[in-house]
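Engineer: Data: run02.cif, mmCIF, C-alpha atoms.
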data_entry
loop_
_atom_site.label_atom_id
_atom_site.label_comp_id
_atom_site.auth_asym_id
_atom_site.auth_seq_id
_atom_site.Cartn_x
_atom_site.Cartn_y
_atom_site.Cartn_z
CA MET A 1 20.51 24.21 117.43
CA GLU A 2 22.74 26.68 119.28
CA ASP A 3 20.25 26.84 122.16
CA TYR A 4 20.36 23.05 122.37
CA ARG A 5 24.17 23.03 122.42
CA ASP A 6 24.22 25.70 125.14
CA LEU A 7 21.76 23.69 127.23
CA LEU A 8 23.84 20.55 126.78
CA ARG A 9 26.95 22.46 127.85
CA ASP A 10 25.16 23.76 130.96
CA LEU A 11 23.94 20.29 131.90
CA GLN A 12 27.42 18.84 131.40
CA TRP A 13 28.93 21.58 133.58
CA LEU A 14 26.34 20.99 136.30
CA SER A 15 27.09 17.28 136.28
CA ILE A 16 30.80 17.81 137.05
CA ARG A 17 30.53 21.03 139.08
CA PRO A 18 30.69 19.42 142.54
CA ARG A 19 34.04 17.88 141.60
CA VAL A 20 35.45 21.14 140.24
CA ASP A 21 34.12 23.07 143.23
CA GLU A 22 35.88 20.66 145.53
CA GLU A 23 39.18 21.12 143.69
CA LEU A 24 38.88 24.92 143.76
CA ARG A 25 38.04 24.82 147.46
CA ASP A 26 41.07 22.68 148.30
CA LEU A 27 43.42 24.83 146.25
CA PHE A 28 42.22 28.05 147.85
CA ASP A 29 42.48 26.44 151.30
CA SER A 30 46.19 25.90 150.54
CA ILE A 31 46.61 29.68 150.11
CA VAL A 32 44.73 30.28 153.35
CA LYS A 33 46.95 27.78 155.18
CA MET A 34 50.03 29.80 154.19
CA TYR A 35 48.61 32.78 156.10
CA LEU A 36 47.51 30.71 159.10
CA ALA A 37 51.01 29.22 159.33
CA TRP A 38 52.44 32.75 159.63
CA GLU A 39 49.96 33.62 162.37
CA LYS A 40 50.88 30.65 164.55
CA SER A 41 54.20 32.14 165.63
CA LEU A 42 52.88 35.68 166.22
CA THR A 43 51.55 37.51 169.26
CA SER A 44 48.07 39.03 169.20
CA PHE A 45 49.51 42.46 168.39
CA GLN A 46 51.71 41.04 165.62
CA ARG A 47 48.71 39.25 164.13
CA LEU A 48 46.86 42.53 163.97
CA GLU A 49 49.84 44.14 162.22
CA LEU A 50 49.94 41.26 159.73
CA ARG A 51 46.25 41.71 158.93
CA ILE A 52 46.65 45.43 158.40
CA LEU A 53 49.71 44.88 156.19
CA CYS A 54 48.01 42.25 154.01
CA LEU A 55 44.80 44.26 153.73
CA LYS A 56 46.74 47.29 152.52
CA SER A 57 48.62 45.13 150.01
CA MET A 58 45.37 43.63 148.71
CA GLN A 59 43.83 47.06 148.26
CA ASN A 60 46.89 48.45 146.47
CA THR A 61 47.25 45.38 144.23
CA SER A 62 43.58 45.46 143.27
CA LEU A 63 43.81 49.16 142.46
CA VAL A 64 46.80 48.66 140.15
CA TYR A 65 45.26 45.67 138.37
CA LYS A 66 42.00 47.51 137.90
CA HIS A 67 43.24 50.90 136.71
CA SER A 68 47.00 51.13 136.09
CA LEU A 69 48.28 47.82 134.74
CA ARG A 70 48.73 49.18 131.21
CA PHE A 71 51.17 51.85 132.41
CA LEU A 72 54.75 50.57 132.40
CA THR A 73 55.76 53.03 135.14
CA VAL A 74 53.23 51.56 137.59
CA ARG A 75 54.46 48.25 138.95
CA ILE A 76 53.82 46.17 142.02
CA ASP A 77 56.87 45.22 144.06
CA PHE A 78 56.48 41.48 144.51
CA SER A 79 59.77 41.12 146.38
CA ASP A 80 57.79 41.33 149.63
CA PRO A 81 56.28 37.94 150.66
CA PHE A 82 53.11 39.51 152.09
CA THR A 83 52.46 41.39 148.85
CA ARG A 84 52.87 38.13 146.94
CA TRP A 85 50.49 36.33 149.28
CA SER A 86 47.97 39.17 148.98
CA TYR A 87 48.01 38.79 145.20
CA MET A 88 47.49 35.03 145.58
CA PHE A 89 44.56 35.55 147.96
CA VAL A 90 42.77 38.02 145.67
CA PHE A 91 43.59 36.87 142.13
CA MET A 92 45.18 33.43 141.99
CA MET A 93 42.04 31.28 142.02
CA ARG A 94 40.40 33.40 139.35
CA HIS A 95 43.48 32.80 137.22
CA VAL A 96 43.48 29.03 137.93
CA HIS A 97 39.79 28.76 137.09
CA LEU A 98 40.15 30.75 133.86
CA VAL A 99 42.92 28.44 132.60
CA PHE A 100 40.81 25.39 133.46
CA TYR A 101 37.68 26.85 131.88
CA ALA A 102 39.41 27.80 128.61
CA LEU A 103 40.96 24.36 128.13
CA ASP A 104 37.73 22.64 129.14
CA GLN A 105 35.83 24.68 126.56
CA ALA A 106 38.33 23.65 123.87
CA VAL A 107 37.73 19.98 124.73
CA TYR A 108 33.95 20.50 124.69
CA GLU A 109 34.22 21.98 121.19
CA LYS A 110 36.30 18.93 120.16
CA ILE A 111 39.34 21.08 119.41
CA LEU A 112 41.54 19.47 122.06
CA LYS A 113 41.57 15.87 123.22
CA VAL A 114 43.00 14.59 126.49
CA ILE A 115 44.66 11.16 126.58
CA PRO A 116 44.69 10.21 130.30
CA SER A 117 47.32 7.51 129.76
CA GLY A 118 49.60 9.86 127.85
CA ARG A 119 53.07 10.83 128.98
CA PRO A 120 53.28 13.83 131.37
CA THR A 121 54.32 16.94 129.50
CA ASN A 122 56.92 19.66 129.98
CA VAL A 123 55.42 23.11 130.61
CA CYS A 124 56.95 26.59 130.34
CA MET A 125 55.03 29.46 131.92
CA ILE A 126 55.91 32.96 130.73
CA GLY A 127 55.31 35.32 133.65
CA GLY A 128 53.92 32.42 135.67
CA GLY A 129 54.02 34.11 139.08
CA PRO A 130 52.95 31.74 141.87
CA GLY A 131 52.14 28.83 139.52
CA SER A 132 48.53 29.68 138.62
CA ASP A 133 48.88 28.40 135.04
CA VAL A 134 50.11 24.95 135.97
CA LEU A 135 47.50 24.52 138.72
CA GLY A 136 44.77 25.39 136.22
CA LEU A 137 46.30 22.87 133.81
CA GLY A 138 46.46 20.30 136.61
CA LEU A 139 42.79 20.79 137.49
CA PHE A 140 41.88 20.43 133.81
CA LEU A 141 43.89 17.21 133.41
CA MET A 142 42.37 15.64 136.53
CA LYS A 143 38.86 16.52 135.41
CA HIS A 144 39.56 14.67 132.17
CA GLY A 145 40.84 11.49 133.76
CA CYS A 146 44.53 11.98 134.54
CA THR A 147 45.15 10.52 137.99
CA SER A 148 48.93 10.20 138.42
CA LYS A 149 51.74 12.56 137.46
CA LEU A 150 50.17 15.61 135.82
CA THR A 151 53.31 17.30 134.49
CA ASP A 152 56.95 16.48 134.01
CA GLN A 153 59.34 19.44 134.08
CA VAL A 154 57.76 22.85 134.72
CA ASN A 155 59.78 26.02 134.12
CA VAL A 156 58.60 29.49 135.05
CA LEU A 157 60.11 32.53 133.36
CA ASP A 158 59.32 35.55 135.53
CA LYS A 159 60.86 38.89 136.40
CA CYS A 160 60.27 38.28 140.12
CA GLN A 161 62.40 35.36 141.27
CA GLU A 162 60.88 35.52 144.74
CA TRP A 163 57.75 33.80 143.37
CA SER A 164 59.80 30.64 143.75
CA ASP A 165 59.61 31.04 147.55
CA SER A 166 55.83 31.52 147.40
CA TRP A 167 55.42 28.40 145.26
CA SER A 168 57.57 26.37 147.68
CA GLN A 169 55.40 27.50 150.60
CA LEU A 170 52.19 26.83 148.71
CA HIS A 171 53.43 23.43 147.55
CA ARG A 172 53.70 22.31 151.19
CA PHE A 173 49.98 22.85 151.68
CA LEU A 174 48.65 21.63 148.34
CA PRO A 175 46.55 18.45 148.33
CA GLU A 176 48.74 15.44 147.64
CA ARG A 177 47.20 14.91 144.20
CA TYR A 178 48.71 18.28 143.20
CA SER A 179 51.96 18.23 145.19
CA LYS A 180 52.85 14.81 143.77
CA GLY A 181 51.22 15.44 140.41
CA ILE A 182 53.27 18.62 139.86
CA PRO A 183 56.56 17.67 141.51
CA ASP A 184 59.15 19.80 139.75
CA VAL A 185 58.81 23.57 139.23
CA ASN A 186 61.88 25.70 138.53
CA TYR A 187 62.03 29.49 138.30
CA HIS A 188 64.23 31.47 135.93
CA SER A 189 64.78 35.21 135.64
CA PHE A 190 63.02 36.75 132.63
CA ASP A 191 61.92 40.19 131.49
CA TYR A 192 59.80 40.85 128.39
CA LEU A 193 61.76 44.07 127.92
CA ASN A 194 64.90 42.15 126.95
CA ASN A 195 64.69 41.39 123.23
CA LYS A 196 66.88 38.29 123.25
CA LEU A 197 66.48 35.16 125.36
CA THR A 198 69.43 33.74 127.26
CA PRO A 199 70.54 30.14 126.53
CA GLU A 200 68.87 29.08 129.80
CA GLN A 201 65.56 30.71 128.83
CA LEU A 202 65.77 29.28 125.31
CA GLY A 203 66.20 25.80 126.74
CA CYS A 204 63.08 26.16 128.88
CA VAL A 205 60.98 27.16 125.87
CA GLU A 206 62.50 24.61 123.49
CA ASP A 207 61.86 21.70 125.87
CA ALA A 208 58.20 22.57 126.52
CA SER A 209 55.24 20.92 124.85
CA ILE A 210 52.95 23.56 126.36
CA VAL A 211 53.90 27.23 126.72
CA THR A 212 51.54 29.52 128.62
CA MET A 213 51.37 33.28 128.23
CA ILE A 214 48.52 34.22 130.53
CA LYS A 215 47.87 37.77 131.76
CA SER A 216 51.59 38.50 131.40
CA LEU A 217 51.76 40.31 128.06
CA SER A 218 49.30 43.17 128.69
CA PRO A 219 51.48 45.02 131.27
CA VAL A 220 54.28 45.45 128.72
CA ALA A 221 52.28 45.42 125.47
CA ALA A 222 52.38 49.19 124.91
CA TRP A 223 56.18 49.14 125.15
CA LEU A 224 56.59 46.05 122.97
CA LYS A 225 54.43 47.65 120.29
CA THR A 226 57.08 50.34 119.80
CA LYS A 227 59.90 47.87 119.14
CA PRO A 228 61.13 48.12 115.54
CA ILE A 229 61.58 44.98 113.51
CA HIS A 230 65.04 44.49 112.00
CA GLN A 231 64.61 42.37 108.90
CA SER A 232 66.19 41.70 105.54
CA TYR A 233 65.35 39.61 102.50
CA VAL A 234 67.52 36.86 101.09
CA ARG A 235 67.13 34.49 98.16
CA GLY A 236 66.10 30.95 99.03
CA ALA A 237 67.36 27.77 97.40
CA TYR A 238 64.86 28.14 94.56
CA GLY A 239 65.32 31.88 94.08
CA GLN A 240 62.35 32.96 96.18
CA LEU A 241 62.66 35.93 98.54
CA LYS A 242 62.78 34.98 102.19
CA CYS A 243 62.35 37.34 105.15
CA VAL A 244 65.05 37.05 107.82
CA ILE A 245 64.47 38.78 111.16
CA SER A 246 67.69 39.62 112.98
CA GLU A 247 66.06 41.29 116.00
CA TRP A 248 62.57 42.19 117.16
CA HIS A 249 61.13 41.58 120.61
CA SER A 250 60.96 38.83 123.22
CA VAL A 251 57.55 37.51 122.08
CA TYR A 252 59.04 36.72 118.67
CA GLU A 253 62.01 34.99 120.33
CA ILE A 254 59.69 32.84 122.47
CA LEU A 255 57.50 31.73 119.59
CA LYS A 256 60.50 31.11 117.35
CA ALA A 257 62.10 28.88 120.01
CA MET A 258 59.03 26.66 120.44
CA LYS A 259 59.42 23.19 118.96
CA PRO A 260 57.13 21.80 116.23
CA GLY A 261 53.99 20.28 117.76
CA ALA A 262 54.13 22.48 120.87
CA PHE A 263 51.08 24.46 121.94
CA LEU A 264 50.84 28.06 123.13
CA LEU A 265 47.97 28.97 125.46
CA TYR A 266 47.42 32.72 125.47
CA ILE A 267 44.86 34.42 127.72
CA ASP A 268 44.74 38.18 128.24
CA ASN A 269 42.49 41.22 128.42
CA GLU A 270 40.49 42.07 125.33
CA THR A 271 41.53 45.73 125.44
CA GLY A 272 45.09 46.77 124.62
CA PRO A 273 47.62 45.99 121.86
CA GLN A 274 48.72 42.57 123.19
CA ARG A 275 46.64 40.56 120.72
CA GLN A 276 48.02 42.60 117.83
CA ILE A 277 51.58 41.94 119.04
CA LEU A 278 50.97 38.19 119.23
CA MET A 279 49.19 37.88 115.89
CA ASN A 280 51.70 40.09 114.05
CA THR A 281 54.43 37.81 115.37
CA VAL A 282 52.60 34.66 114.29
CA LYS A 283 52.62 35.92 110.68
CA PHE A 284 56.37 35.41 110.50
CA LEU A 285 56.33 31.88 111.95
CA LYS A 286 54.52 28.64 111.16
CA PHE A 287 51.67 28.41 113.67
CA LYS A 288 48.15 27.09 113.31
CA ILE A 289 45.42 28.95 115.19
CA ILE A 290 43.26 26.17 116.57
CA PHE A 291 41.18 28.17 119.07
CA ASP A 292 40.34 31.88 119.16
CA ARG A 293 37.52 33.01 121.41
CA ILE A 294 36.39 35.88 123.61
CA PHE A 295 35.16 34.89 127.07
CA ARG A 296 32.98 37.44 128.82
CA GLY A 297 32.39 37.42 132.55
CA VAL A 298 33.60 33.90 133.36
CA ARG A 299 32.54 33.57 136.97
CA MET A 300 33.72 31.14 139.59
CA PRO A 301 31.08 29.44 141.72
CA SER A 302 30.77 31.60 144.83
CA HIS A 303 29.94 28.68 147.10
CA PHE A 304 33.26 26.85 146.72
CA PHE A 305 34.84 28.57 149.76
CA SER A 306 35.32 26.41 152.84
CA SER A 307 34.39 27.53 156.35
CA THR A 308 38.09 28.11 157.12
CA SER A 309 38.45 30.33 154.07
CA ARG A 310 35.31 32.26 154.92
CA ASP A 311 36.59 32.85 158.44
CA LEU A 312 39.78 34.43 157.07
CA MET A 313 37.80 36.47 154.55
CA ASN A 314 35.74 37.84 157.42
CA THR A 315 38.84 38.48 159.53
CA LEU A 316 40.55 40.41 156.74
CA ASN A 317 37.28 41.97 155.58
CA TYR A 318 38.26 41.25 151.97
CA LYS A 319 36.95 38.86 149.32
CA PRO A 320 38.88 37.20 146.49
CA CYS A 321 38.07 38.19 142.92
CA THR A 322 35.80 35.55 141.34
CA THR A 323 34.94 37.15 137.97
CA ALA A 324 37.39 37.19 135.08
CA GLY A 325 35.95 40.07 133.04
CA THR A 326 36.45 39.95 129.26
CA ASN A 327 39.39 37.92 127.99
CA GLU A 328 40.70 36.67 124.69
CA VAL A 329 41.76 33.01 124.60
CA ILE A 330 44.01 31.85 121.78
CA ILE A 331 45.55 28.40 121.38
CA LEU A 332 48.30 28.06 118.78
CA LYS A 333 50.12 24.97 117.55
CA LYS A 334 53.63 25.21 116.13
CA GLU A 335 53.91 23.51 112.76
CA VAL A 336 56.93 21.98 111.06
CA SER A 337 58.85 24.62 109.11
#
Re-express the file's structure as structure tokens.

Structural biologist:
Amino acid sequence: MEDYRDLLRDLQWLSIRPRVDEELRDLFDSIVKMYLAWEKSLTSFQRLELRILCLKSMQNTSLVYKHSLRFLTVRIDFSDPFTRWSYMFVFMMRHVHLVFYALDQAVYEKILKVIPSGRPTNVCMIGGGPGSDVLGLGLFLMKHGCTSKLTDQVNVLDKCQEWSDSWSQLHRFLPERYSKGIPDVNYHSFDYLNNKLTPEQLGCVEDASIVTMIKSLSPVAAWLKTKPIHQSYVRGAYGQLKCVISEWHSVYEILKAMKPGAFLLYIDNETGPQRQILMNTVKFLKFKIIFDRIFRGVRMPSHFFSSTSRDLMNTLNYKPCTTAGTNEVIILKKEVS
């Protein structure tokens, strides 16, 4: 029976793959167009300098993400626009595809259901960077029949505010179905290392029907694991003991602020303490785990690159990452207290 289900899944994926490939191609072309727009105003020598600079940034970023991401002292400085673009070129489409794939799998397993005529939703991305989460969500919604406005308000909580500039540049080159479908994205300063959320950050989380926490927890998980929980016990209305947490860490604050009925989409590396942090936090709040899977080696179709993208790949002598490795995907739904 399992073999039959796997075959059915493969056939279904093959039937829609040309459409998904086309979307991935167009999105990656938008990243490429950002670079080509820079080149237009440069001399031949300046273009060579730009290539060398971006290649070095791609190599350094890849090295950190491969070997040193778990160390809090090793961080990439995303204040530089070329470093941000280099990250987008190497990793952004893998991130977009992973979000799409995880949600698509949840629909296939009849855990989630998309209502194409439903009202566009508010989204809050925790550590959302250049907007990878919401583009993956947008691709997923379009694949399942949504054709107009994909999202309402989108808020990004990120330590690097300069990602807002990168999103604005990217937005100019996105296909119209994305630029009009995701019209409003606002960035807000946020750091996991601050235990409490500001009123502005709280508002972003409270208003969202979907909160994403994708590849953002693992870099700070080792530090968050050391945070002590400050709690006490009080008597409830019927004499029962009730745990009251006065202070813990930012993950607890985020989950506590989510409104009943809201969903959390969590995707991160299998190794590391980040899952433990999330699940320990969930124990103190009313959440239902509706999806909990490990995805191994999710690979993007290698043939989705356009000729323009391939030309730039050859020029830079660097290829984007198309394999997602091993990741845990958890979807939680906040229940009424």

Engineer: Give one line per residue of stretch 77-139 of chain A that approaches stretch 168-182 of chain A to at most 10 Å, naming the two atoms of the closest pair and their distance in Å to one decimal, counting all atoms listed in the file; sort by chain then ascending residue number and deliver it as a tab-separated table.

Structural biologist:
residue	atom	partner	partner_atom	distance
A:Trp85	CA	A:Leu170	CA	9.7
A:Met88	CA	A:Leu170	CA	10.0
A:Pro120	CA	A:Gly181	CA	9.4
A:Pro130	CA	A:Leu170	CA	8.5
A:Gly131	CA	A:Leu170	CA	9.4
A:Val134	CA	A:Ile182	CA	8.1
A:Leu135	CA	A:Tyr178	CA	7.8
A:Gly138	CA	A:Tyr178	CA	7.3
A:Leu139	CA	A:Tyr178	CA	8.6

Engineer: Can you write out as a tab-separated table which residues of stretch 91-175 of chain A fall within 10 Å of stretch 202-223 of chain A, alongside each residue's closest atom pair and its distance in Å to one decimal, counting all atoms listed in the file and ordering rows by chain and ascending residue number?

Structural biologist:
residue	atom	partner	partner_atom	distance
A:His95	CA	A:Ile214	CA	8.5
A:Leu98	CA	A:Ile214	CA	9.7
A:Val99	CA	A:Ile214	CA	8.3
A:Pro120	CA	A:Ser209	CA	9.8
A:Thr121	CA	A:Ser209	CA	6.2
A:Asn122	CA	A:Ala208	CA	4.7
A:Val123	CA	A:Ile210	CA	4.9
A:Cys124	CA	A:Val211	CA	4.8
A:Met125	CA	A:Thr212	CA	4.8
A:Ile126	CA	A:Met213	CA	5.2
A:Gly127	CA	A:Ser216	CA	5.4
A:Gly128	CA	A:Ile214	CA	7.7
A:Gly129	CA	A:Ser216	CA	9.2
A:Ser132	CA	A:Ile214	CA	9.3
A:Asp133	CA	A:Thr212	CA	7.0
A:Val134	CA	A:Thr212	CA	8.8
A:Leu137	CA	A:Thr212	CA	9.9
A:Asp152	CA	A:Ala208	CA	9.7
A:Gln153	CA	A:Ala208	CA	8.3
A:Val154	CA	A:Ala208	CA	8.2
A:Asn155	CA	A:Cys204	CA	6.2
A:Val156	CA	A:Cys204	CA	8.3
A:Leu157	CA	A:Cys204	CA	8.3
A:Asp158	CA	A:Ser216	CA	9.2

Engineer: Could you write out that same residue set with C-alpha atoms as a PDB file, in the coordinates of the input?

Structural biologist:
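Output below, filename again.pdb:
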ATOM      1  CA  HIS A  95      43.480  32.800 137.220  1.00  0.00           C
ATOM      2  CA  LEU A  98      40.150  30.750 133.860  1.00  0.00           C
ATOM      3  CA  VAL A  99      42.920  28.440 132.600  1.00  0.00           C
ATOM      4  CA  PRO A 120      53.280  13.830 131.370  1.00  0.00           C
ATOM      5  CA  THR A 121      54.320  16.940 129.500  1.00  0.00           C
ATOM      6  CA  ASN A 122      56.920  19.660 129.980  1.00  0.00           C
ATOM      7  CA  VAL A 123      55.420  23.110 130.610  1.00  0.00           C
ATOM      8  CA  CYS A 124      56.950  26.590 130.340  1.00  0.00           C
ATOM      9  CA  MET A 125      55.030  29.460 131.920  1.00  0.00           C
ATOM     10  CA  ILE A 126      55.910  32.960 130.730  1.00  0.00           C
ATOM     11  CA  GLY A 127      55.310  35.320 133.650  1.00  0.00           C
ATOM     12  CA  GLY A 128      53.920  32.420 135.670  1.00  0.00           C
ATOM     13  CA  GLY A 129      54.020  34.110 139.080  1.00  0.00           C
ATOM     14  CA  SER A 132      48.530  29.680 138.620  1.00  0.00           C
ATOM     15  CA  ASP A 133      48.880  28.400 135.040  1.00  0.00           C
ATOM     16  CA  VAL A 134      50.110  24.950 135.970  1.00  0.00           C
ATOM     17  CA  LEU A 137      46.300  22.870 133.810  1.00  0.00           C
ATOM     18  CA  ASP A 152      56.950  16.480 134.010  1.00  0.00           C
ATOM     19  CA  GLN A 153      59.340  19.440 134.080  1.00  0.00           C
ATOM     20  CA  VAL A 154      57.760  22.850 134.720  1.00  0.00           C
ATOM     21  CA  ASN A 155      59.780  26.020 134.120  1.00  0.00           C
ATOM     22  CA  VAL A 156      58.600  29.490 135.050  1.00  0.00           C
ATOM     23  CA  LEU A 157      60.110  32.530 133.360  1.00  0.00           C
ATOM     24  CA  ASP A 158      59.320  35.550 135.530  1.00  0.00           C
TER      25      ASP A 158
END

Engineer: Could you list the residues chosen by the PyMOL selection byres ((chain A and resi 243) around 12) in this structure as a VMD selection string?

Structural biologist: chain A and resid 229 to 236 240 to 242 244 to 246 283 to 285

Engineer: Would you list the residues near (54.6, 48.1, 120.3), meaning any protein, DNA or RNA residue with an atom at most 10 Å from that point in file coordinates, counting only C-alpha atoms, as JSON, numbers by chain?

Structural biologist: {"A": [220, 221, 222, 223, 224, 225, 226, 227, 228, 249, 273, 274, 276, 277]}

Engineer: Please provide as a PDB file with C-alpha atoms, keeping the file's coordinate frame all residues within 8 Å of stretch 45-56 of chain A, with the sequence filter that same-chain residues fewer than 5 positions apart are discarded (counting all atoms listed in the file).

Structural biologist:
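As written to disk, part.pdb reads:
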ATOM      1  CA  GLU A  39      49.960  33.620 162.370  1.00  0.00           C
ATOM      2  CA  PHE A  82      53.110  39.510 152.090  1.00  0.00           C
ATOM      3  CA  THR A  83      52.460  41.390 148.850  1.00  0.00           C
ATOM      4  CA  TRP A  85      50.490  36.330 149.280  1.00  0.00           C
ATOM      5  CA  SER A  86      47.970  39.170 148.980  1.00  0.00           C
ATOM      6  CA  LEU A 316      40.550  40.410 156.740  1.00  0.00           C
ATOM      7  CA  TYR A 318      38.260  41.250 151.970  1.00  0.00           C
TER       8      TYR A 318
END

Engineer: Let me know the residues the PyMOL selection byres ((chain A and resi 287) around 8) catches in the file above, as a ChimeraX atom specification.

Structural biologist: /A:282,285-286,288-289,332-335

Engineer: Work out how far atom CA of A:Ser164 is from atom CA of A:Asn195, in Å to one decimal.

Structural biologist: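 According to the coordinates, atom CA of A:Asn195 and atom CA of A:Ser164 are separated by 23.7 Å.
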
Engineer: Measure the distance from atom CA of A:Met34 to atom CA of A:Arg84 in Å and round it to one decimal.

Structural biologist: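 Between these atoms lies a distance of 11.4 Å.
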
Engineer: Quick check, in Å to one decimal: how far apart do atom CA of A:Ser306 and atom CA of A:Arg25 lie?

Structural biologist: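 Atom-to-atom, atom CA of A:Ser306 to atom CA of A:Arg25, that is 6.2 Å.
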
Engineer: Between A:Phe295, A:Phe28, A:Ser44, A:Val336, which has the minimum distance to A:Met258 (counting all atoms listed in the file)?

Structural biologist: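 Nearest candidate to A:Met258 out of A:Phe295, A:Phe28, A:Ser44, A:Val336: A:Val336.
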
Engineer: With all atoms listed in the file as the atoms that count, which of A:Val20, A:Ile254, A:Leu36, A:Val64 lies nearest to A:Tyr101?

Structural biologist: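 Smallest separation from A:Tyr101 among the options: A:Val20.
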
Engineer: Which residue is closest to A:Phe78? Choose from A:Arg119, A:Asp165, A:Arg94, A:Leu141 and count only C-alpha atoms.

Structural biologist: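 Closest to A:Phe78, using only C-alpha atoms: A:Asp165.
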
Engineer: Translate the PyMOL selection byres ((chain A and resi 106) around 12), as applied to the file shown, into an explicit residue set as a PDB file with C-alpha atoms, in the coordinates of the input.

Structural biologist:
ATOM      1  CA  VAL A  99      42.920  28.440 132.600  1.00  0.00           C
ATOM      2  CA  PHE A 100      40.810  25.390 133.460  1.00  0.00           C
ATOM      3  CA  TYR A 101      37.680  26.850 131.880  1.00  0.00           C
ATOM      4  CA  ALA A 102      39.410  27.800 128.610  1.00  0.00           C
ATOM      5  CA  LEU A 103      40.960  24.360 128.130  1.00  0.00           C
ATOM      6  CA  ASP A 104      37.730  22.640 129.140  1.00  0.00           C
ATOM      7  CA  GLN A 105      35.830  24.680 126.560  1.00  0.00           C
ATOM      8  CA  VAL A 107      37.730  19.980 124.730  1.00  0.00           C
ATOM      9  CA  TYR A 108      33.950  20.500 124.690  1.00  0.00           C
ATOM     10  CA  GLU A 109      34.220  21.980 121.190  1.00  0.00           C
ATOM     11  CA  LYS A 110      36.300  18.930 120.160  1.00  0.00           C
ATOM     12  CA  ILE A 111      39.340  21.080 119.410  1.00  0.00           C
ATOM     13  CA  LEU A 112      41.540  19.470 122.060  1.00  0.00           C
ATOM     14  CA  LYS A 113      41.570  15.870 123.220  1.00  0.00           C
ATOM     15  CA  VAL A 114      43.000  14.590 126.490  1.00  0.00           C
ATOM     16  CA  PHE A 140      41.880  20.430 133.810  1.00  0.00           C
ATOM     17  CA  LEU A 265      47.970  28.970 125.460  1.00  0.00           C
ATOM     18  CA  ILE A 290      43.260  26.170 116.570  1.00  0.00           C
ATOM     19  CA  PHE A 291      41.180  28.170 119.070  1.00  0.00           C
ATOM     20  CA  ASP A 292      40.340  31.880 119.160  1.00  0.00           C
ATOM     21  CA  ARG A 293      37.520  33.010 121.410  1.00  0.00           C
ATOM     22  CA  VAL A 329      41.760  33.010 124.600  1.00  0.00           C
ATOM     23  CA  ILE A 330      44.010  31.850 121.780  1.00  0.00           C
ATOM     24  CA  ILE A 331      45.550  28.400 121.380  1.00  0.00           C
TER      25      ILE A 331
END
